[in-house]
>>> print(open('entry_38.tsv').read())   # TSV, C-alpha atoms
chain	number	residue	atom	x	y	z
A	1	MET	CA	-32.22	-7.19	4.71
A	2	ALA	CA	-30.98	-5.70	7.95
A	3	ASP	CA	-30.76	-1.94	8.48
A	4	LEU	CA	-27.11	-0.90	8.24
A	5	SER	CA	-27.66	2.81	8.89
A	6	ILE	CA	-25.99	4.35	11.93
A	7	ASP	CA	-26.00	7.56	13.92
A	8	LEU	CA	-22.71	8.41	15.64
A	9	ALA	CA	-23.41	11.30	18.00
A	10	GLY	CA	-25.69	12.93	15.43
A	11	ILE	CA	-23.57	12.04	12.38
A	12	LYS	CA	-25.67	9.76	10.19
A	13	SER	CA	-24.57	7.44	7.39
A	14	PRO	CA	-26.21	4.63	5.40
A	15	ASN	CA	-23.71	2.07	6.69
A	16	PRO	CA	-21.00	1.96	9.37
A	17	PHE	CA	-18.08	1.79	6.93
A	18	TRP	CA	-16.13	5.05	6.84
A	19	LEU	CA	-12.80	5.92	5.31
A	20	ALA	CA	-10.29	7.10	7.89
A	21	SER	CA	-8.49	10.40	7.59
A	22	ALA	CA	-5.53	9.34	5.46
A	23	PRO	CA	-4.21	9.30	1.88
A	24	PRO	CA	-7.46	7.76	0.49
A	25	THR	CA	-9.37	10.89	1.60
A	26	ASN	CA	-6.88	13.44	0.33
A	27	SER	CA	-9.08	14.85	-2.44
A	28	GLY	CA	-12.63	15.21	-3.65
A	29	TYR	CA	-11.85	12.92	-6.58
A	30	GLN	CA	-10.98	10.08	-4.20
A	31	VAL	CA	-13.91	10.63	-1.85
A	32	MET	CA	-16.33	10.75	-4.79
A	33	ARG	CA	-14.96	7.43	-6.05
A	34	ALA	CA	-15.30	5.96	-2.56
A	35	PHE	CA	-18.90	7.07	-2.19
A	36	ALA	CA	-19.73	5.70	-5.64
A	37	ALA	CA	-18.31	2.34	-4.46
A	38	GLY	CA	-20.61	2.36	-1.42
A	39	TRP	CA	-18.72	3.80	1.54
A	40	GLY	CA	-21.04	5.29	4.13
A	41	GLY	CA	-18.75	8.10	5.20
A	42	ALA	CA	-15.31	9.62	4.97
A	43	VAL	CA	-13.08	11.51	7.35
A	44	TRP	CA	-11.26	14.05	5.19
A	45	LYS	CA	-7.48	14.04	5.40
A	46	THR	CA	-6.43	16.43	8.14
A	47	LEU	CA	-6.76	20.14	7.30
A	48	ALA	CA	-4.79	23.00	8.78
A	49	LEU	CA	-4.73	26.77	8.31
A	50	GLU	CA	-1.58	26.53	6.23
A	51	PRO	CA	-0.44	23.58	4.09
A	52	ILE	CA	2.72	21.75	5.07
A	53	VAL	CA	5.49	20.13	3.01
A	54	ASN	CA	5.60	16.34	2.83
A	55	VAL	CA	8.65	14.20	2.07
A	56	THR	CA	9.48	11.33	-0.27
A	57	SER	CA	9.58	8.47	0.31
A	58	ARG	CA	6.78	8.02	2.85
A	59	PHE	CA	5.47	4.44	3.17
A	60	ALA	CA	6.89	1.04	4.03
A	61	GLY	CA	5.21	-2.34	4.38
A	62	PHE	CA	5.77	-5.04	6.99
A	63	ASN	CA	5.56	-8.44	5.30
A	64	ILE	CA	5.25	-11.84	6.99
A	65	GLY	CA	6.42	-14.42	4.49
A	66	PRO	CA	4.11	-14.25	1.48
A	67	ASN	CA	1.63	-12.09	3.39
A	68	ARG	CA	2.21	-8.64	1.95
A	69	MET	CA	1.57	-5.55	4.08
A	70	ALA	CA	0.49	-7.28	7.27
A	71	GLY	CA	1.41	-3.90	8.69
A	72	MET	CA	2.33	-0.55	7.24
A	73	ASN	CA	4.39	2.40	8.37
A	74	ASN	CA	4.11	5.97	7.12
A	75	ILE	CA	5.95	9.22	7.69
A	76	GLU	CA	3.43	11.29	5.76
A	77	LEU	CA	2.01	14.36	7.45
A	78	ILE	CA	-1.36	16.09	7.12
A	79	THR	CA	-2.65	17.55	3.85
A	80	ASP	CA	-0.19	19.49	1.74
A	81	ARG	CA	-3.01	20.97	-0.35
A	82	PRO	CA	-4.38	24.50	0.20
A	83	LEU	CA	-7.30	24.77	2.61
A	84	GLU	CA	-9.54	26.50	0.08
A	85	ASP	CA	-9.05	23.69	-2.46
A	86	ASN	CA	-10.09	21.12	0.12
A	87	LEU	CA	-13.11	23.13	1.23
A	88	ARG	CA	-14.34	23.55	-2.33
A	89	GLU	CA	-14.08	19.80	-2.92
A	90	ILE	CA	-15.81	19.00	0.38
A	91	ALA	CA	-18.77	21.11	-0.73
A	92	GLU	CA	-18.84	19.33	-4.10
A	93	CYS	CA	-18.81	15.90	-2.45
A	94	LYS	CA	-21.58	16.81	-0.02
A	95	ALA	CA	-23.71	18.15	-2.85
A	96	ALA	CA	-23.24	14.98	-4.88
A	97	TYR	CA	-23.75	12.59	-1.93
A	98	PRO	CA	-25.91	14.34	0.67
A	99	ASP	CA	-26.69	11.08	2.53
A	100	ARG	CA	-23.03	10.24	3.20
A	101	ALA	CA	-21.15	11.37	6.29
A	102	ILE	CA	-18.35	13.84	5.64
A	103	VAL	CA	-16.29	14.47	8.76
A	104	VAL	CA	-13.40	16.89	8.50
A	105	SER	CA	-10.19	16.13	10.40
A	106	LEU	CA	-8.51	19.18	11.91
A	107	MET	CA	-5.12	20.09	13.34
A	108	THR	CA	-3.53	23.40	14.19
A	109	GLU	CA	-1.34	25.07	16.78
A	110	CYS	CA	-2.51	25.04	20.37
A	111	THR	CA	-4.10	28.46	20.62
A	112	ARG	CA	-7.76	29.20	21.03
A	113	GLU	CA	-7.63	31.70	18.18
A	114	SER	CA	-6.15	29.21	15.70
A	115	TRP	CA	-8.71	26.51	16.49
A	116	HIS	CA	-11.60	28.97	16.30
A	117	GLU	CA	-10.34	30.32	12.97
A	118	LEU	CA	-9.93	26.83	11.48
A	119	VAL	CA	-13.40	25.77	12.59
A	120	ARG	CA	-14.93	28.99	11.29
A	121	ARG	CA	-13.34	28.63	7.86
A	122	CYS	CA	-14.29	24.97	7.54
A	123	GLU	CA	-17.90	25.64	8.49
A	124	THR	CA	-18.28	27.88	5.43
A	125	VAL	CA	-19.03	24.64	3.55
A	126	PRO	CA	-21.51	21.83	4.39
A	127	LEU	CA	-20.03	19.09	6.57
A	128	ASP	CA	-21.34	16.65	9.14
A	129	GLY	CA	-18.74	16.80	11.87
A	130	PHE	CA	-15.17	17.45	12.92
A	131	GLU	CA	-12.52	14.96	14.02
A	132	LEU	CA	-9.71	16.50	16.06
A	133	ASN	CA	-6.43	14.84	15.14
A	134	PHE	CA	-4.76	14.34	18.52
A	135	GLY	CA	-3.06	11.15	17.35
A	136	CYS	CA	-0.49	11.69	14.58
A	137	PRO	CA	2.75	10.39	16.17
A	138	HIS	CA	5.31	11.90	13.81
A	139	GLY	CA	6.27	15.23	12.32
A	140	MET	CA	3.37	17.25	13.66
A	141	SER	CA	3.93	15.96	17.20
A	142	GLU	CA	7.41	17.48	17.13
A	143	ARG	CA	5.66	20.79	16.44
A	144	GLY	CA	3.46	20.48	19.53
A	145	GLN	CA	0.46	19.13	17.63
A	146	GLY	CA	-1.04	15.68	16.97
A	147	ALA	CA	0.08	13.13	19.55
A	148	ALA	CA	1.77	15.87	21.58
A	149	VAL	CA	-1.76	16.98	22.46
A	150	GLY	CA	-3.19	13.46	22.62
A	151	GLN	CA	-0.66	12.39	25.24
A	152	ASP	CA	-1.64	15.20	27.61
A	153	PRO	CA	-5.17	14.90	29.08
A	154	GLU	CA	-5.17	18.55	30.16
A	155	LEU	CA	-4.43	19.71	26.62
A	156	ILE	CA	-7.05	17.34	25.21
A	157	GLU	CA	-9.72	18.77	27.48
A	158	MET	CA	-8.67	22.36	26.82
A	159	VAL	CA	-8.50	22.15	23.03
A	160	THR	CA	-11.73	20.14	22.86
A	161	ARG	CA	-13.47	22.92	24.81
A	162	TRP	CA	-12.10	25.52	22.40
A	163	VAL	CA	-13.46	23.64	19.42
A	164	LYS	CA	-16.84	23.06	21.05
A	165	GLU	CA	-17.10	26.80	21.65
A	166	ALA	CA	-16.91	27.46	17.92
A	167	ALA	CA	-18.32	24.34	16.24
A	168	HIS	CA	-21.93	23.91	15.18
A	169	VAL	CA	-21.56	20.23	14.28
A	170	PRO	CA	-20.61	17.17	16.37
A	171	VAL	CA	-16.96	16.92	17.43
A	172	ILE	CA	-15.04	13.62	17.51
A	173	VAL	CA	-11.68	13.43	19.27
A	174	LYS	CA	-9.20	11.03	17.66
A	175	LEU	CA	-6.94	9.45	20.27
A	176	THR	CA	-3.34	8.27	20.08
A	177	PRO	CA	-2.45	4.73	21.19
A	178	ASN	CA	1.00	5.95	22.24
A	179	VAL	CA	0.02	6.28	25.89
A	180	THR	CA	0.13	4.07	28.97
A	181	ASP	CA	-3.65	3.96	29.52
A	182	VAL	CA	-5.98	5.24	26.79
A	183	ARG	CA	-8.84	5.71	29.24
A	184	TYR	CA	-7.34	8.91	30.66
A	185	PRO	CA	-7.20	10.75	27.31
A	186	ALA	CA	-10.69	9.42	26.50
A	187	ARG	CA	-12.05	10.74	29.80
A	188	ALA	CA	-10.43	14.11	29.12
A	189	ALA	CA	-12.08	14.29	25.70
A	190	ALA	CA	-15.47	13.55	27.24
A	191	LYS	CA	-14.88	16.10	29.99
A	192	GLY	CA	-14.01	18.69	27.35
A	193	GLY	CA	-17.37	18.13	25.68
A	194	ALA	CA	-16.49	15.79	22.83
A	195	ASP	CA	-19.52	14.18	21.23
A	196	ALA	CA	-17.56	11.01	20.40
A	197	ILE	CA	-14.06	9.59	20.28
A	198	SER	CA	-12.26	7.67	17.54
A	199	LEU	CA	-9.36	5.30	18.07
A	200	ILE	CA	-6.77	4.22	17.44
A	201	ASN	CA	-4.46	6.44	15.47
A	202	THR	CA	-1.17	4.96	14.30
A	203	ILE	CA	1.43	3.44	16.63
A	204	ASN	CA	4.90	4.94	16.88
A	205	SER	CA	7.28	2.69	14.96
A	206	LEU	CA	10.25	2.08	12.70
A	207	ILE	CA	9.37	-0.54	10.11
A	208	GLY	CA	12.90	-1.89	9.58
A	209	VAL	CA	16.47	-1.50	8.35
A	210	ASP	CA	17.80	-2.48	4.92
A	211	LEU	CA	20.52	-5.08	5.57
A	212	ASP	CA	22.38	-4.25	2.36
A	213	THR	CA	22.55	-0.47	2.72
A	214	TRP	CA	21.98	-0.19	6.49
A	215	LEU	CA	19.45	2.54	5.78
A	216	PRO	CA	16.25	2.81	7.83
A	217	VAL	CA	13.08	2.07	5.88
A	218	PRO	CA	11.62	4.18	4.37
A	219	HIS	CA	14.40	6.70	4.01
A	220	VAL	CA	14.57	10.28	2.77
A	221	ASP	CA	17.95	10.96	1.22
A	222	GLY	CA	19.63	8.46	3.55
A	223	LYS	CA	17.78	9.32	6.76
A	224	SER	CA	14.43	8.40	8.28
A	225	SER	CA	12.20	9.15	11.23
A	226	HIS	CA	9.81	7.31	13.49
A	227	GLY	CA	6.43	6.92	11.82
A	228	GLY	CA	2.91	5.62	12.30
A	229	TYR	CA	2.20	1.87	12.20
A	230	CYS	CA	-1.18	0.61	10.99
A	231	GLY	CA	-2.85	-2.28	9.19
A	232	ALA	CA	-4.03	-5.75	10.18
A	233	ALA	CA	-1.18	-6.19	12.66
A	234	VAL	CA	-2.50	-3.44	14.97
A	235	LYS	CA	-6.06	-4.78	15.22
A	236	PRO	CA	-5.58	-6.57	18.60
A	237	ILE	CA	-4.20	-3.37	20.13
A	238	ALA	CA	-7.06	-1.33	18.72
A	239	LEU	CA	-9.73	-3.77	19.93
A	240	ASN	CA	-8.31	-3.68	23.44
A	241	MET	CA	-8.29	0.11	23.56
A	242	VAL	CA	-11.77	0.43	22.07
A	243	GLY	CA	-13.07	-2.05	24.64
A	244	ALA	CA	-11.32	-0.26	27.50
A	245	CYS	CA	-13.02	3.01	26.57
A	246	ALA	CA	-16.40	1.38	25.93
A	247	LYS	CA	-16.57	-0.17	29.39
A	248	ASP	CA	-15.32	2.93	31.22
A	249	SER	CA	-18.28	4.82	32.66
A	250	ALA	CA	-16.18	7.98	32.91
A	251	VAL	CA	-15.92	8.04	29.11
A	252	GLY	CA	-19.54	7.34	28.22
A	253	ILE	CA	-19.61	8.72	24.65
A	254	PRO	CA	-19.89	6.92	21.29
A	255	ILE	CA	-16.85	5.41	19.60
A	256	SER	CA	-15.65	5.18	16.02
A	257	GLY	CA	-13.29	2.21	15.85
A	258	ILE	CA	-10.07	2.28	13.81
A	259	GLY	CA	-7.15	-0.09	13.43
A	260	GLY	CA	-6.75	-3.08	11.16
A	261	VAL	CA	-10.30	-3.25	9.81
A	262	GLY	CA	-10.06	-5.14	6.53
A	263	ASP	CA	-13.35	-6.97	6.12
A	264	TRP	CA	-16.84	-7.27	7.57
A	265	ARG	CA	-15.70	-9.70	10.27
A	266	ASP	CA	-13.26	-7.15	11.64
A	267	ALA	CA	-16.02	-4.56	11.60
A	268	VAL	CA	-18.37	-6.81	13.58
A	269	GLU	CA	-15.67	-7.38	16.20
A	270	PHE	CA	-15.14	-3.64	16.62
A	271	MET	CA	-18.88	-3.03	16.91
A	272	LEU	CA	-19.28	-5.81	19.49
A	273	MET	CA	-16.51	-4.12	21.45
A	274	GLY	CA	-18.33	-0.78	21.43
A	275	SER	CA	-17.82	0.95	18.07
A	276	THR	CA	-20.76	2.52	16.29
A	277	SER	CA	-18.83	3.14	13.07
A	278	VAL	CA	-15.55	1.70	11.82
A	279	GLN	CA	-12.90	3.54	9.85
A	280	VAL	CA	-10.68	1.91	7.23
A	281	CYS	CA	-7.40	3.03	5.68
A	282	THR	CA	-4.68	0.43	5.09
A	283	ALA	CA	-6.96	-2.19	3.53
A	284	VAL	CA	-8.09	0.41	0.99
A	285	MET	CA	-4.49	1.38	0.26
A	286	HIS	CA	-3.80	-2.30	-0.38
A	287	HIS	CA	-6.94	-3.34	-2.29
A	288	GLY	CA	-8.86	-0.22	-3.33
A	289	PHE	CA	-12.27	1.27	-2.58
A	290	ARG	CA	-14.28	-1.66	-3.95
A	291	ILE	CA	-13.64	-3.80	-0.88
A	292	VAL	CA	-16.62	-2.05	0.70
A	293	ALA	CA	-19.03	-4.08	-1.47
A	294	ASP	CA	-17.93	-7.30	0.24
A	295	MET	CA	-18.06	-5.55	3.61
A	296	ILE	CA	-21.67	-4.50	3.07
A	297	ASP	CA	-22.75	-7.90	1.70
A	298	GLY	CA	-20.95	-9.80	4.45
A	299	LEU	CA	-22.42	-7.66	7.22
A	300	ASN	CA	-25.91	-7.94	5.72
A	301	ASN	CA	-25.65	-11.72	5.48
A	302	TYR	CA	-24.29	-12.01	9.02
A	303	LEU	CA	-27.12	-9.97	10.50
A	304	ASP	CA	-29.78	-11.76	8.46
A	305	ALA	CA	-28.45	-15.18	9.45
A	306	ARG	CA	-28.72	-14.23	13.12
A	307	GLY	CA	-32.12	-12.57	12.79
A	308	ILE	CA	-30.77	-9.15	13.74
A	309	ALA	CA	-32.80	-6.27	12.33
A	310	SER	CA	-30.29	-3.44	12.78
A	311	VAL	CA	-26.53	-3.22	12.90
A	312	ASN	CA	-26.89	-1.02	15.97
A	313	GLU	CA	-27.95	-4.10	17.95
A	314	LEU	CA	-24.33	-5.29	17.79
A	315	VAL	CA	-22.80	-2.25	19.44
A	316	GLY	CA	-21.18	-3.08	22.77
A	317	LYS	CA	-22.66	-6.56	23.18
A	318	THR	CA	-19.30	-8.13	24.07
A	319	VAL	CA	-18.18	-5.35	26.41
A	320	PRO	CA	-19.72	-6.88	29.60
A	321	ARG	CA	-17.63	-10.00	28.96
A	322	PHE	CA	-14.42	-7.94	28.73
A	323	VAL	CA	-13.33	-7.88	32.37
A	324	ASP	CA	-10.24	-7.47	34.51
A	325	TRP	CA	-8.02	-10.56	34.86
A	326	ASN	CA	-8.91	-10.72	38.55
A	327	ASP	CA	-12.54	-11.42	37.61
A	328	LEU	CA	-11.78	-14.56	35.55
A	329	ASN	CA	-12.95	-17.97	36.80
A	330	LEU	CA	-9.97	-19.84	38.22
A	331	ASP	CA	-12.00	-23.08	38.35
A	332	TYR	CA	-12.58	-23.17	34.58
A	333	LYS	CA	-10.44	-25.89	32.97
A	334	ILE	CA	-9.97	-27.03	29.39
A	335	VAL	CA	-7.56	-29.56	27.91
A	336	ALA	CA	-6.38	-30.39	24.41
A	337	ARG	CA	-7.51	-33.52	22.60
A	338	ILE	CA	-5.89	-34.64	19.35
A	339	ASP	CA	-7.94	-36.43	16.71
A	340	PRO	CA	-5.73	-39.36	15.55
A	341	GLU	CA	-7.78	-39.71	12.36
A	342	THR	CA	-6.99	-36.23	11.01
A	343	CYS	CA	-3.53	-35.83	12.59
A	344	ILE	CA	-0.76	-35.78	9.93
A	345	ARG	CA	2.01	-36.65	12.43
A	346	CYS	CA	3.94	-33.42	11.82
A	347	ASN	CA	4.68	-33.21	15.57
A	348	LYS	CA	4.40	-29.42	15.62
A	349	CYS	CA	2.12	-29.68	18.66
A	350	TYR	CA	4.67	-31.85	20.49
A	351	ILE	CA	7.56	-29.51	19.70
A	352	ALA	CA	5.63	-26.39	20.72
A	353	CYS	CA	4.46	-27.93	24.00
A	354	GLU	CA	7.84	-29.49	24.80
A	355	ASP	CA	9.97	-26.45	24.07
A	356	ALA	CA	7.69	-23.50	24.73
A	357	ALA	CA	4.81	-24.56	26.96
A	358	HIS	CA	4.21	-27.20	29.66
A	359	GLN	CA	5.52	-30.58	28.37
A	360	CYS	CA	2.04	-32.12	28.31
A	361	ILE	CA	2.14	-33.92	24.94
A	362	ASP	CA	3.76	-37.34	24.55
A	363	ARG	CA	5.18	-38.49	21.21
A	364	PRO	CA	4.80	-42.27	20.73
A	365	ALA	CA	7.86	-44.30	19.78
A	366	ASP	CA	5.97	-45.51	16.73
A	367	PRO	CA	5.97	-42.54	14.26
A	368	ARG	CA	2.78	-43.89	12.71
A	369	LEU	CA	0.86	-43.01	15.86
A	370	ALA	CA	-0.46	-39.57	16.74
A	371	PRO	CA	0.85	-37.61	19.72
A	372	VAL	CA	-1.17	-37.99	22.94
A	373	VAL	CA	-2.06	-35.29	25.46
A	374	ASP	CA	-1.38	-35.86	29.15
A	375	GLU	CA	-4.71	-34.38	30.25
A	376	GLU	CA	-3.87	-34.54	33.94
A	377	HIS	CA	-1.11	-31.99	33.47
A	378	CYS	CA	-2.43	-30.08	30.44
A	379	VAL	CA	-3.06	-26.42	31.37
A	380	GLY	CA	-5.28	-25.64	28.36
A	381	CYS	CA	-3.00	-22.91	27.01
A	382	ASN	CA	-4.19	-23.42	23.38
A	383	LEU	CA	-0.66	-23.34	21.90
A	384	CYS	CA	-0.86	-26.79	20.34
A	385	ALA	CA	-4.14	-25.97	18.61
A	386	MET	CA	-2.67	-22.69	17.40
A	387	VAL	CA	0.35	-24.27	15.71
A	388	CYS	CA	-1.48	-27.31	14.29
A	389	PRO	CA	-1.72	-27.00	10.48
A	390	VAL	CA	-4.88	-29.16	10.30
A	391	VAL	CA	-8.14	-27.34	11.02
A	392	ASP	CA	-10.03	-28.82	14.01
A	393	CYS	CA	-7.52	-31.64	14.50
A	394	ILE	CA	-6.91	-30.42	18.06
A	395	GLU	CA	-10.00	-29.58	20.10
A	396	MET	CA	-9.96	-27.71	23.39
A	397	VAL	CA	-12.46	-29.50	25.64
A	398	ARG	CA	-13.89	-28.33	28.94
A	399	VAL	CA	-13.31	-30.87	31.74
A	400	ASP	CA	-14.30	-29.05	34.94
A	401	ALA	CA	-17.76	-29.67	36.40
A	402	GLY	CA	-18.89	-26.17	35.52
A	403	ASP	CA	-20.67	-25.67	38.83
A	404	THR	CA	-18.24	-23.32	40.60
A	405	VAL	CA	-16.83	-19.89	39.92
A	406	HIS	CA	-13.91	-18.68	41.96
A	407	THR	CA	-11.98	-15.57	40.99
A	408	TRP	CA	-8.81	-14.04	42.32
A	409	ARG	CA	-10.81	-11.03	43.45
A	410	GLU	CA	-13.05	-13.29	45.53
A	411	ARG	CA	-10.04	-15.01	47.08
A	412	LEU	CA	-8.46	-11.66	47.87
A	413	THR	CA	-11.69	-10.42	49.46
A	414	SER	CA	-12.02	-13.61	51.53
A	415	ALA	CA	-8.44	-13.30	52.70
A	416	GLN	CA	-9.01	-9.69	53.76
A	417	LEU	CA	-12.10	-10.72	55.73
>>> encode(input="entry_38.tsv", output="C-alpha cells")
Amino acid sequence: MADLSIDLAGIKSPNPFWLASAPPTNSGYQVMRAFAAGWGGAVWKTLALEPIVNVTSRFAGFNIGPNRMAGMNNIELITDRPLEDNLREIAECKAAYPDRAIVVSLMTECTRESWHELVRRCETVPLDGFELNFGCPHGMSERGQGAAVGQDPELIEMVTRWVKEAAHVPVIVKLTPNVTDVRYPARAAAKGGADAISLINTINSLIGVDLDTWLPVPHVDGKSSHGGYCGAAVKPIALNMVGACAKDSAVGIPISGIGGVGDWRDAVEFMLMGSTSVQVCTAVMHHGFRIVADMIDGLNNYLDARGIASVNELVGKTVPRFVDWNDLNLDYKIVARIDPETCIRCNKCYIACEDAAHQCIDRPADPRLAPVVDEEHCVGCNLCAMVCPVVDCIEMVRVDAGDTVHTWRERLTSAQL
C-alpha cells in the first residue's frame, strides 16, 4: 500500500487527515476518540489566556432540498474551557498517541507580551506545532482578534514575528477568506516567518431568516449576529484560495488545506492544488469521526491504482495548470453532442440553453425525437451537460484541430508590438 505519512513544515503525521480547530477538538475525550478512529492529527480548538463565554444557540444548517447541511453557519467562539484543563488533556493525548500530530490553535490580544505568555504556557506540555487563528470572522474579530488581524497584512506579519520569537515548534498561520486577495495575507505570514499557512477559515455569513417568526437563524433570545460559513458549499472557494497561494512564489511555504473536505476525493483535490495536509470539521460534525476510515481506504486505493508510492507525490501537481484567464487557449473549442439512445426527452437541456445560454439546441417538432445541438453556433459552455439528469447522455467533444494555441496575453503582446 502507498505511504500516507506526511511532514508539514516539520509536523509529522501518519496520514494527511487532520481535524480542524473546531467543536470536534474541544476536549481530550474527543481527540482521543478521533485518534482511535484513525485521524492523523488534530488542531486543538483555539486556546486563549482567559476563557470566554459562548452563547446558545450557535449553529445553523443550509439545506438544499433533501441534502442536509450542504453548508453550515456558526456563531461559536473559541474555547470556553480553562487553559490549564486544555493543557492537561493535550499532554494526555500526546502521551497516548505520540505518533499523531497535535497542533494547538492560539488567539489572544495583539500585544507581544500576551502572545509570548500564551506560547510559553502552552509549551509546558508536549505539542507538535501552533496554528495562529487569524481567521475567526465573528465575536473575536469585534475584539480586535481573529479576522481583524487576518485582514491586515501588517498585523499578520507583526504577530507572526512575535510568536516565532517565543515558539520552539513550527508555526502555522490560519488565514481568513474574508479578504479581496488572499495572497497578500499569505505573503505577510511568510514574511513574518511562518513555517506554513492553513486556509480557509470560515466565510462571513448569515444563514437565513425564519419566515414565520422573522428571526435571523440561529438566534439568541431573538437576536443574531454574522457568523462563519463552512461545509461542502465552501469547497470551490477554498480550492481557489489554496491554489492562489500555492502558485505564488512570494508565499513559498507549505499549506494545510481546509474548507469542505468530506471524503478522500476532496482531499486529493486539495493536495493536487498544493495542500500537504487537509483539515476536516463540518463533515465530522455531520457524520462523526469514523468517516476517516473511508478516507484512508479511498486514498490508499486511489494511489495504488495509479502506481503512486507516496501521497506526497500528489502535492501541487495541478498548480501549473491553474493559470490566469489571459493565458487560456482561445482556439480551443468543444461542442455538445446528445446521445439519442440514452436521452429521455425531458428537454432540460433545451430549456437551459434557450433561456439561460446561447440558443444552440433545437427541439424537434416530434416529441419522440431527441433535441439536436447546432454545433456551428454551440459555444461549449457545458450548461446542457450540467443540467442533464442522465449520466453521459451529453458529451462535450473537442472539434478544433488542436494545432494552435492563441491566448489573450499573446494577442495583447502582439498588439503592443
>>> residues_around(input="entry_38.tsv", residues="range 195-204 of chain A", least_positions_apart="5", cutoff="7 Å", atoms="only C-alpha atoms", output="JSON, numbers by chain")
{"A": [9, 135, 136, 137, 170, 171, 172, 173, 174, 175, 176, 177, 178, 226, 227, 228, 229, 230, 238, 242, 253, 254, 255, 256, 257, 258, 259]}
>>> atom_distance(input="entry_38.tsv", atom1="CA of Ile308 in chain A", atom2="CA of Ala232 in chain A")
27.2 Å
>>> residues_around(input="entry_38.tsv", residues="Asp400 in chain A", least_positions_apart="6", cutoff="9 Å", atoms="only C-alpha atoms", output="count of residues only")
4
>>> closest_residue(input="entry_38.tsv", among="A:Ala148, A:Leu77, A:Leu303, A:Met32", to="Lys94 in chain A", atoms="all atoms listed in the file")
A:Met32
>>> axis_aligned_box(input="entry_38.tsv", around="range 271-275 of chain A", padding_each_side="4 Å", output="AutoDock Vina command-line options")
--center_x -17.9 --center_y -2.4 --center_z 19.2 --size_x 10.8 --size_y 14.8 --size_z 12.5
>>> atom_distance(input="entry_38.tsv", atom1="CA of Phe59 in chain A", atom2="CA of Glu76 in chain A")
7.6 Å
>>> closest_residue(input="entry_38.tsv", among="A:Asn26, A:Ser225, A:Asn74, A:Thr160", to="His116 in chain A", atoms="only C-alpha atoms")
A:Thr160
>>> atom_distance(input="entry_38.tsv", atom1="CA of Ala283 in chain A", atom2="CA of Gly262 in chain A")
5.2 Å
>>> residues_around(input="entry_38.tsv", residues="Phe134 in chain A", least_positions_apart="6", cutoff="10 Å", atoms="only C-alpha atoms", output="list in words")
Ser105, Leu106, Met107, Met140, Ser141, Gln145, Gly146, Ala147, Ala148, Val149, Gly150, Gln151, Asp152, Leu155, Ile156, Val159, Val173, Lys174, Leu175, Thr176, Pro185 and Asn201 of chain A
>>> closest_residue(input="entry_38.tsv", among="A:Thr318, A:Ser27, A:Asn63, A:Ser414", to="Ala91 in chain A", atoms="all atoms listed in the file")
A:Ser27
>>> residues_near_point(input="entry_38.tsv", point="(2.1, -39.4, 19.1)", cutoff="12 Å", atoms="all atoms listed in the file", output="list in words")
Arg337, Ile338, Asp339, Pro340, Glu341, Cys343, Ile344, Arg345, Cys346, Asn347, Lys348, Cys349, Tyr350, Ile351, Cys360, Ile361, Asp362, Arg363, Pro364, Ala365, Asp366, Pro367, Arg368, Leu369, Ala370, Pro371, Val372, Val373 and Asp374 of chain A
>>> closest_residue(input="entry_38.tsv", among="A:His406, A:Ala336, A:Cys381, A:Ala188", to="Cys393 in chain A", atoms="all atoms listed in the file")
A:Ala336
>>> closest_residue(input="entry_38.tsv", among="A:Ala244, A:Gly260, A:Ile291, A:Ser275", to="Pro320 in chain A", atoms="all atoms listed in the file")
A:Ala244
>>> closest_residue(input="entry_38.tsv", among="A:Gly144, A:Lys191, A:Cys281, A:Asp128", to="Val169 in chain A", atoms="all atoms listed in the file")
A:Asp128
>>> residues_around(input="entry_38.tsv", residues="His377 in chain A", least_positions_apart="5", cutoff="9 Å", atoms="all atoms listed in the file", output="list of chain:residue names")
A:Val335, A:His358, A:Gln359, A:Cys360
>>> decode(input="entry_38.tsv", residues="range 3-13 of chain A", atoms="N, CA and C atoms", output="mmCIF file, in the first residue's frame")
data_model
loop_
_atom_site.group_PDB
_atom_site.id
_atom_site.type_symbol
_atom_site.label_atom_id
_atom_site.label_comp_id
_atom_site.auth_asym_id
_atom_site.auth_seq_id
_atom_site.Cartn_x
_atom_site.Cartn_y
_atom_site.Cartn_z
ATOM 1 N N ASP A 3 2.393 4.964 0.872
ATOM 2 C CA ASP A 3 2.779 5.628 2.115
ATOM 3 C C ASP A 3 1.935 6.889 2.268
ATOM 4 N N LEU A 4 1.126 6.948 3.308
ATOM 5 C CA LEU A 4 0.259 8.104 3.527
ATOM 6 C C LEU A 4 0.857 9.123 4.486
ATOM 7 N N SER A 5 2.040 8.849 5.026
ATOM 8 C CA SER A 5 2.613 9.756 6.025
ATOM 9 C C SER A 5 3.040 11.068 5.374
ATOM 10 N N ILE A 6 2.927 12.138 6.151
ATOM 11 C CA ILE A 6 3.281 13.467 5.653
ATOM 12 C C ILE A 6 4.159 14.195 6.657
ATOM 13 N N ASP A 7 4.761 15.260 6.174
ATOM 14 C CA ASP A 7 5.554 16.159 7.015
ATOM 15 C C ASP A 7 5.230 17.571 6.573
ATOM 16 N N LEU A 8 4.453 18.280 7.379
ATOM 17 C CA LEU A 8 4.076 19.660 7.077
ATOM 18 C C LEU A 8 4.981 20.583 7.882
ATOM 19 N N ALA A 9 6.007 21.091 7.242
ATOM 20 C CA ALA A 9 6.918 22.049 7.882
ATOM 21 C C ALA A 9 7.495 21.513 9.187
ATOM 22 N N GLY A 10 7.772 20.206 9.229
ATOM 23 C CA GLY A 10 8.327 19.606 10.431
ATOM 24 C C GLY A 10 7.307 18.962 11.344
ATOM 25 N N ILE A 11 6.024 19.084 11.020
ATOM 26 C CA ILE A 11 4.955 18.440 11.789
ATOM 27 C C ILE A 11 4.586 17.154 11.054
ATOM 28 N N LYS A 12 4.868 16.019 11.676
ATOM 29 C CA LYS A 12 4.668 14.733 11.022
ATOM 30 C C LYS A 12 3.387 14.066 11.513
ATOM 31 N N SER A 13 2.753 13.315 10.596
ATOM 32 C CA SER A 13 1.577 12.529 10.978
ATOM 33 C C SER A 13 1.477 11.325 10.057
#
